[in-house]
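A.B. asks: Sending over input_34.txt (compact mmCIF, N, CA and C atoms).
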```txt
# COMPACT_ATOMS: atom_id res chain seq x y z
N MET V 129 -14.01 -96.79 -2.86
CA MET V 129 -13.12 -96.00 -3.64
C MET V 129 -13.72 -94.63 -3.93
N ASN V 130 -14.97 -94.61 -4.21
CA ASN V 130 -15.66 -93.38 -4.46
C ASN V 130 -15.59 -92.45 -3.25
N PHE V 131 -15.70 -93.06 -2.09
CA PHE V 131 -15.64 -92.28 -0.88
C PHE V 131 -14.26 -91.64 -0.70
N GLY V 132 -13.22 -92.32 -1.05
CA GLY V 132 -11.85 -91.81 -0.95
C GLY V 132 -11.62 -90.65 -1.90
N LYS V 133 -12.16 -90.75 -3.11
CA LYS V 133 -11.99 -89.67 -4.07
C LYS V 133 -12.74 -88.42 -3.60
N ILE V 134 -13.94 -88.62 -3.12
CA ILE V 134 -14.75 -87.48 -2.68
C ILE V 134 -14.10 -86.81 -1.47
N SER V 135 -13.66 -87.61 -0.54
CA SER V 135 -13.05 -87.02 0.66
C SER V 135 -11.72 -86.33 0.32
N SER V 136 -10.95 -86.88 -0.61
CA SER V 136 -9.70 -86.23 -0.99
C SER V 136 -9.98 -84.92 -1.76
N LEU V 137 -11.03 -84.89 -2.58
CA LEU V 137 -11.41 -83.66 -3.28
C LEU V 137 -11.86 -82.59 -2.28
N LEU V 138 -12.62 -82.99 -1.28
CA LEU V 138 -13.05 -82.05 -0.25
C LEU V 138 -11.85 -81.53 0.55
N LEU V 139 -10.91 -82.39 0.84
CA LEU V 139 -9.71 -82.00 1.59
C LEU V 139 -8.85 -81.04 0.77
N VAL V 140 -8.68 -81.32 -0.52
CA VAL V 140 -7.91 -80.44 -1.40
C VAL V 140 -8.61 -79.09 -1.53
N THR V 141 -9.93 -79.10 -1.69
CA THR V 141 -10.69 -77.85 -1.81
C THR V 141 -10.57 -77.03 -0.53
N LEU V 142 -10.64 -77.69 0.62
CA LEU V 142 -10.51 -77.02 1.90
C LEU V 142 -9.11 -76.42 2.06
N LEU V 143 -8.09 -77.15 1.66
CA LEU V 143 -6.71 -76.65 1.78
C LEU V 143 -6.45 -75.49 0.81
N LEU V 144 -6.99 -75.56 -0.40
CA LEU V 144 -6.78 -74.49 -1.37
C LEU V 144 -7.53 -73.22 -0.99
N SER V 145 -8.66 -73.36 -0.40
CA SER V 145 -9.44 -72.17 -0.04
C SER V 145 -8.99 -71.59 1.29
N SER V 146 -8.13 -72.29 2.03
CA SER V 146 -7.60 -71.85 3.32
C SER V 146 -8.70 -71.42 4.26
N CYS V 147 -9.71 -72.13 4.26
CA CYS V 147 -10.86 -71.86 5.12
C CYS V 147 -11.45 -70.49 4.85
N SER V 148 -11.37 -70.01 3.62
CA SER V 148 -11.86 -68.68 3.30
C SER V 148 -13.37 -68.58 3.41
N SER V 149 -14.04 -69.68 3.29
CA SER V 149 -15.49 -69.62 3.40
C SER V 149 -15.92 -69.39 4.84
N PHE V 150 -15.03 -69.64 5.81
CA PHE V 150 -15.36 -69.46 7.22
C PHE V 150 -14.84 -68.12 7.76
N TYR V 151 -13.92 -67.50 7.05
CA TYR V 151 -13.25 -66.28 7.53
C TYR V 151 -13.87 -65.05 6.84
N LYS V 152 -14.32 -64.11 7.65
CA LYS V 152 -14.86 -62.88 7.09
C LYS V 152 -13.74 -61.84 7.09
N GLU V 153 -13.53 -61.22 5.94
CA GLU V 153 -12.47 -60.22 5.79
C GLU V 153 -12.81 -58.98 6.63
N PRO V 154 -11.83 -58.43 7.38
CA PRO V 154 -12.14 -57.25 8.20
C PRO V 154 -12.43 -56.04 7.32
N GLU V 155 -13.27 -55.17 7.85
CA GLU V 155 -13.65 -53.97 7.13
C GLU V 155 -12.58 -52.89 7.36
N ILE V 156 -12.14 -52.25 6.30
CA ILE V 156 -11.11 -51.22 6.40
C ILE V 156 -11.79 -49.86 6.49
N LYS V 157 -11.41 -49.10 7.50
CA LYS V 157 -11.97 -47.76 7.69
C LYS V 157 -10.87 -46.75 7.45
N VAL V 158 -11.19 -45.74 6.67
CA VAL V 158 -10.25 -44.64 6.40
C VAL V 158 -10.69 -43.45 7.23
N VAL V 159 -9.80 -42.97 8.08
CA VAL V 159 -10.10 -41.83 8.95
C VAL V 159 -9.11 -40.72 8.63
N THR V 160 -9.63 -39.55 8.33
CA THR V 160 -8.78 -38.40 8.08
C THR V 160 -8.66 -37.61 9.37
N LYS V 161 -7.43 -37.39 9.78
CA LYS V 161 -7.19 -36.71 11.05
C LYS V 161 -6.23 -35.55 10.79
N LEU V 162 -6.61 -34.36 11.23
CA LEU V 162 -5.76 -33.20 11.09
C LEU V 162 -4.85 -33.10 12.30
N GLU V 163 -3.58 -32.88 12.03
CA GLU V 163 -2.63 -32.73 13.12
C GLU V 163 -2.00 -31.36 13.04
N LYS V 164 -1.86 -30.75 14.19
CA LYS V 164 -1.26 -29.42 14.25
C LYS V 164 0.26 -29.57 14.15
N THR V 165 0.86 -28.69 13.36
CA THR V 165 2.30 -28.73 13.19
C THR V 165 2.97 -28.26 14.48
N VAL V 166 3.93 -29.02 14.94
CA VAL V 166 4.66 -28.66 16.14
C VAL V 166 5.96 -27.99 15.70
N VAL V 167 6.11 -26.74 16.08
CA VAL V 167 7.28 -25.97 15.71
C VAL V 167 8.05 -25.65 17.00
N PRO V 168 9.33 -26.03 17.07
CA PRO V 168 10.08 -25.69 18.28
C PRO V 168 10.26 -24.18 18.41
N ILE V 169 10.26 -23.72 19.64
CA ILE V 169 10.38 -22.28 19.90
C ILE V 169 11.84 -21.86 19.77
N VAL V 170 12.05 -20.79 19.03
CA VAL V 170 13.39 -20.24 18.84
C VAL V 170 13.56 -19.09 19.81
N PRO V 171 14.71 -18.99 20.48
CA PRO V 171 14.88 -17.87 21.41
C PRO V 171 14.92 -16.54 20.66
N MET V 172 14.38 -15.53 21.31
CA MET V 172 14.37 -14.19 20.74
C MET V 172 15.79 -13.63 20.73
N PRO V 173 16.08 -12.74 19.79
CA PRO V 173 17.41 -12.13 19.81
C PRO V 173 17.57 -11.26 21.06
N LYS V 174 18.82 -11.07 21.45
CA LYS V 174 19.02 -10.24 22.64
C LYS V 174 18.53 -8.83 22.38
N PRO V 175 18.06 -8.16 23.42
CA PRO V 175 17.51 -6.81 23.23
C PRO V 175 18.56 -5.83 22.72
N VAL V 176 18.08 -4.78 22.10
CA VAL V 176 18.96 -3.74 21.58
C VAL V 176 19.50 -2.93 22.76
N GLN V 177 20.80 -2.72 22.75
CA GLN V 177 21.43 -1.89 23.77
C GLN V 177 22.02 -0.66 23.08
N MET V 178 21.40 0.46 23.34
CA MET V 178 21.83 1.70 22.70
C MET V 178 22.86 2.42 23.57
N ASN V 179 23.79 3.09 22.91
CA ASN V 179 24.79 3.90 23.60
C ASN V 179 24.29 5.34 23.67
N ASP V 180 24.70 6.04 24.71
CA ASP V 180 24.31 7.44 24.87
C ASP V 180 25.01 8.30 23.83
N ILE V 181 24.28 9.27 23.33
CA ILE V 181 24.82 10.23 22.37
C ILE V 181 24.44 11.62 22.86
N LYS V 182 25.39 12.49 22.86
CA LYS V 182 25.13 13.88 23.21
C LYS V 182 25.30 14.73 21.97
N ILE V 183 24.24 15.43 21.61
CA ILE V 183 24.28 16.33 20.47
C ILE V 183 24.13 17.76 21.00
N TYR V 184 25.02 18.59 20.59
CA TYR V 184 25.02 19.97 21.07
C TYR V 184 24.58 20.90 19.95
N VAL V 185 23.70 21.83 20.28
CA VAL V 185 23.32 22.88 19.34
C VAL V 185 24.13 24.11 19.75
N VAL V 186 24.92 24.60 18.83
CA VAL V 186 25.86 25.69 19.14
C VAL V 186 25.33 27.00 18.57
N SER V 187 25.24 28.01 19.39
CA SER V 187 24.89 29.36 18.93
C SER V 187 26.17 30.06 18.51
N PRO V 188 26.03 31.02 17.67
CA PRO V 188 27.24 31.73 17.24
C PRO V 188 27.96 32.36 18.44
N GLU V 189 29.20 32.07 18.58
CA GLU V 189 30.04 32.61 19.64
C GLU V 189 31.14 33.45 19.01
N GLU V 190 31.86 34.08 19.83
CA GLU V 190 32.92 34.94 19.32
C GLU V 190 34.02 34.15 18.62
N ASN V 191 34.24 32.89 19.02
CA ASN V 191 35.28 32.10 18.36
C ASN V 191 34.79 31.39 17.09
N LEU V 192 33.51 31.51 16.77
CA LEU V 192 32.97 30.86 15.58
C LEU V 192 32.57 31.86 14.49
N ASP V 193 32.99 33.11 14.66
CA ASP V 193 32.57 34.13 13.70
C ASP V 193 32.98 33.80 12.26
N GLU V 194 34.19 33.40 12.08
CA GLU V 194 34.67 33.11 10.72
C GLU V 194 33.92 31.91 10.14
N PHE V 195 33.74 30.86 10.95
CA PHE V 195 33.00 29.68 10.50
C PHE V 195 31.55 30.05 10.19
N LYS V 196 30.99 30.89 11.03
CA LYS V 196 29.60 31.29 10.84
C LYS V 196 29.40 32.01 9.51
N LYS V 197 30.28 32.92 9.20
CA LYS V 197 30.15 33.67 7.95
C LYS V 197 30.23 32.73 6.75
N GLU V 198 31.17 31.82 6.78
CA GLU V 198 31.34 30.87 5.67
C GLU V 198 30.12 29.94 5.57
N PHE V 199 29.66 29.47 6.72
CA PHE V 199 28.52 28.54 6.73
C PHE V 199 27.24 29.24 6.29
N GLU V 200 27.00 30.44 6.78
CA GLU V 200 25.79 31.18 6.41
C GLU V 200 25.78 31.53 4.93
N ALA V 201 26.97 31.76 4.37
CA ALA V 201 27.03 32.06 2.94
C ALA V 201 26.61 30.85 2.11
N LYS V 202 26.95 29.68 2.58
CA LYS V 202 26.59 28.46 1.85
C LYS V 202 25.18 27.98 2.18
N ASN V 203 24.79 28.03 3.47
CA ASN V 203 23.55 27.39 3.91
C ASN V 203 22.50 28.34 4.47
N GLY V 204 22.87 29.52 4.84
CA GLY V 204 21.91 30.48 5.35
C GLY V 204 21.42 30.21 6.75
N GLY V 205 22.11 29.43 7.56
CA GLY V 205 21.66 29.12 8.92
C GLY V 205 22.45 29.90 9.94
N ASP V 206 21.89 29.98 11.15
CA ASP V 206 22.61 30.66 12.21
C ASP V 206 22.78 29.80 13.46
N SER V 207 22.42 28.51 13.41
CA SER V 207 22.65 27.57 14.50
C SER V 207 23.35 26.35 13.91
N TYR V 208 24.11 25.68 14.75
CA TYR V 208 24.91 24.54 14.28
C TYR V 208 24.70 23.37 15.22
N ILE V 209 24.85 22.20 14.69
CA ILE V 209 24.78 20.98 15.50
C ILE V 209 26.17 20.39 15.51
N ALA V 210 26.67 20.13 16.71
CA ALA V 210 28.01 19.57 16.85
C ALA V 210 27.92 18.24 17.58
N ILE V 211 28.78 17.31 17.22
CA ILE V 211 28.82 16.01 17.87
C ILE V 211 30.28 15.61 18.00
N SER V 212 30.63 15.04 19.16
CA SER V 212 32.02 14.66 19.37
C SER V 212 32.33 13.38 18.61
N VAL V 213 33.61 13.06 18.49
CA VAL V 213 34.03 11.85 17.80
C VAL V 213 33.51 10.62 18.53
N LYS V 214 33.59 10.61 19.87
CA LYS V 214 33.11 9.48 20.66
C LYS V 214 31.60 9.30 20.49
N ASP V 215 30.85 10.41 20.48
CA ASP V 215 29.40 10.32 20.29
C ASP V 215 29.06 9.84 18.89
N TYR V 216 29.87 10.23 17.91
CA TYR V 216 29.65 9.75 16.54
C TYR V 216 29.90 8.25 16.46
N GLU V 217 30.91 7.76 17.17
CA GLU V 217 31.16 6.31 17.23
C GLU V 217 29.99 5.60 17.88
N ASN V 218 29.44 6.17 18.95
CA ASN V 218 28.28 5.57 19.61
C ASN V 218 27.07 5.55 18.69
N LEU V 219 26.90 6.60 17.91
CA LEU V 219 25.81 6.65 16.94
C LEU V 219 25.96 5.53 15.91
N SER V 220 27.18 5.33 15.45
CA SER V 220 27.45 4.27 14.49
C SER V 220 27.19 2.89 15.10
N LYS V 221 27.60 2.71 16.36
CA LYS V 221 27.34 1.43 17.05
C LYS V 221 25.85 1.20 17.23
N ASN V 222 25.10 2.25 17.50
CA ASN V 222 23.65 2.11 17.66
C ASN V 222 22.99 1.64 16.36
N PHE V 223 23.43 2.20 15.25
CA PHE V 223 22.87 1.76 13.96
C PHE V 223 23.24 0.31 13.68
N ALA V 224 24.47 -0.08 14.02
CA ALA V 224 24.88 -1.48 13.83
C ALA V 224 24.06 -2.41 14.72
N GLU V 225 23.77 -1.98 15.94
CA GLU V 225 22.97 -2.78 16.86
C GLU V 225 21.53 -2.92 16.35
N LEU V 226 20.98 -1.85 15.83
CA LEU V 226 19.63 -1.94 15.25
C LEU V 226 19.60 -2.86 14.04
N ARG V 227 20.63 -2.79 13.22
CA ARG V 227 20.71 -3.66 12.05
C ARG V 227 20.79 -5.13 12.46
N ARG V 228 21.62 -5.43 13.48
CA ARG V 228 21.75 -6.80 13.98
C ARG V 228 20.40 -7.30 14.47
N TYR V 229 19.71 -6.51 15.24
CA TYR V 229 18.42 -6.91 15.80
C TYR V 229 17.41 -7.19 14.69
N ILE V 230 17.36 -6.33 13.70
CA ILE V 230 16.41 -6.51 12.58
C ILE V 230 16.76 -7.76 11.78
N GLU V 231 18.04 -8.00 11.53
CA GLU V 231 18.45 -9.20 10.79
C GLU V 231 18.09 -10.47 11.55
N GLN V 232 18.26 -10.47 12.88
CA GLN V 232 17.90 -11.64 13.67
C GLN V 232 16.39 -11.84 13.67
N GLN V 233 15.62 -10.78 13.72
CA GLN V 233 14.17 -10.90 13.66
C GLN V 233 13.74 -11.48 12.31
N LYS V 234 14.38 -11.03 11.24
CA LYS V 234 14.05 -11.56 9.91
C LYS V 234 14.36 -13.05 9.83
N ALA V 235 15.49 -13.46 10.42
CA ALA V 235 15.85 -14.88 10.40
C ALA V 235 14.83 -15.72 11.16
N ILE V 236 14.33 -15.21 12.27
CA ILE V 236 13.32 -15.93 13.05
C ILE V 236 12.02 -16.04 12.25
N ILE V 237 11.63 -14.97 11.60
CA ILE V 237 10.40 -14.99 10.79
C ILE V 237 10.52 -16.01 9.67
N LEU V 238 11.67 -16.03 8.98
CA LEU V 238 11.88 -17.01 7.91
C LEU V 238 11.86 -18.43 8.44
N TYR V 239 12.43 -18.64 9.63
CA TYR V 239 12.43 -19.98 10.24
C TYR V 239 11.00 -20.46 10.45
N TYR V 240 10.16 -19.61 11.04
CA TYR V 240 8.78 -20.01 11.29
C TYR V 240 7.99 -20.18 10.00
N GLU V 241 8.23 -19.35 9.01
CA GLU V 241 7.53 -19.51 7.74
C GLU V 241 7.89 -20.84 7.09
N ASN V 242 9.16 -21.22 7.14
CA ASN V 242 9.58 -22.49 6.55
C ASN V 242 9.11 -23.68 7.38
N ALA V 243 8.97 -23.49 8.69
CA ALA V 243 8.55 -24.59 9.55
C ALA V 243 7.08 -24.94 9.37
N VAL V 244 6.25 -23.98 9.05
CA VAL V 244 4.82 -24.25 8.98
C VAL V 244 4.29 -24.38 7.56
N LYS V 245 5.13 -24.16 6.56
CA LYS V 245 4.62 -24.30 5.19
C LYS V 245 4.46 -25.78 4.86
N PRO V 246 3.48 -26.13 4.05
CA PRO V 246 3.26 -27.54 3.71
C PRO V 246 4.43 -28.10 2.89
N LEU V 247 4.68 -29.37 3.11
CA LEU V 247 5.76 -30.03 2.39
C LEU V 247 5.32 -30.35 0.97
N ASP V 248 6.16 -30.06 0.02
CA ASP V 248 5.89 -30.36 -1.39
C ASP V 248 6.65 -31.63 -1.74
N PRO V 249 5.96 -32.75 -2.04
CA PRO V 249 6.68 -34.00 -2.31
C PRO V 249 7.53 -33.94 -3.57
N ASP V 250 7.23 -33.02 -4.50
CA ASP V 250 8.03 -32.91 -5.72
C ASP V 250 9.30 -32.12 -5.49
N ASP V 251 9.33 -31.32 -4.43
CA ASP V 251 10.49 -30.47 -4.16
C ASP V 251 11.48 -31.25 -3.31
N THR V 252 12.63 -31.59 -3.87
CA THR V 252 13.64 -32.36 -3.15
C THR V 252 14.84 -31.51 -2.78
N THR V 253 14.82 -30.25 -3.15
CA THR V 253 15.96 -29.40 -2.83
C THR V 253 15.77 -28.76 -1.47
N ASP V 254 16.85 -28.64 -0.72
CA ASP V 254 16.83 -27.95 0.56
C ASP V 254 17.15 -26.49 0.34
N LYS V 255 16.38 -25.67 1.01
CA LYS V 255 16.61 -24.23 0.89
C LYS V 255 17.14 -23.67 2.16
```
Could you take the file, read its structure, and then write that structure out as structure tokens?

C.D. replies:
Amino acid sequence: MNFGKISSLLLVTLLLSSCSSFYKEPEIKVVTKLEKTVVPIVPMPKPVQMNDIKIYVVSPEENLDEFKKEFEAKNGGDSYIAISVKDYENLSKNFAELRRYIEQQKAIILYYENAVKPLDPDDTTDK
């Protein structure tokens, strides 16, 4: 009877310990690894296409005498710069094209700045 009690106690102890006395727990290693941020490439904006503009410098002519007198009285100049309506439209289009290009460049810069900045776990709002 004594043998039965001892063997049952050993069996219960073995089952409760799940063979822990024979199993060595694996060692946990913590490795810090730096990873480079992968940012997809954004296409560049299309190049600026400028329109031709012709600016004329006009010397006083016989048909501009009256205008010349009035202009010289106000401004004191003797040469004038003239531009046609079509050339003025082209000048306006050129400025609009430059503005478009600059705005697209700014958008690309902001995209890359937002792509590489570290993530803030407290910030849950999308910008």

A.B. asks: Given the point (19.9, -5.8, 18.8) in the coordinates of this file, which residues lie within 8 Å, counting only C-alpha atoms, and how would they look as number ranges by chain?

C.D. replies: V: 173-177, 225-230

A.B. asks: List every protein, DNA or RNA residue that has an atom no more than 9 Å from (29.6, 4.9, 24.6) in the file's coordinate frame, counting only C-alpha atoms, and report them as a ChimeraX atom specification.

C.D. replies: /V:178-181,214-215,217-219,221

A.B. asks: Quick one: distance from atom CA of V:Leu238 to atom CA of V:Lys164 in Å, one decimal?

C.D. replies: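 Between atom CA of V:Leu238 and atom CA of V:Lys164 the gap is 19.2 Å.
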
A.B. asks: Report, in Å to a single decimal, how far apart atom C of V:Val167 and atom N of V:Glu241 are.

C.D. replies: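 Taking atom N of V:Glu241 as the start and atom C of V:Val167 as the end point, the length is 10.2 Å.
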
A.B. asks: In Å to one decimal, how far is atom C of V:Tyr239 from atom N of V:Thr165?

C.D. replies: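 It comes out at 13.4 Å.
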
A.B. asks: I'd like to know which of V:Asn222, V:Pro154, V:Pro246, V:Ile236 is closest to V:Pro168, using only C-alpha atoms.

C.D. replies: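 Of V:Asn222, V:Pro154, V:Pro246, V:Ile236, the one nearest V:Pro168 is V:Ile236, counting only C-alpha atoms.
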
A.B. asks: Give the padded box for stretch 218-226 of chain V as AutoDock Vina command-line options: axis-aligned, covering all atoms listed in the file, 8 Å on each side, centre and edge lengths in Å to one decimal.

C.D. replies:
```
--center_x 24.5 --center_y 1.9 --center_z 16.6 --size_x 25.8 --size_y 25.6 --size_z 21.9
```
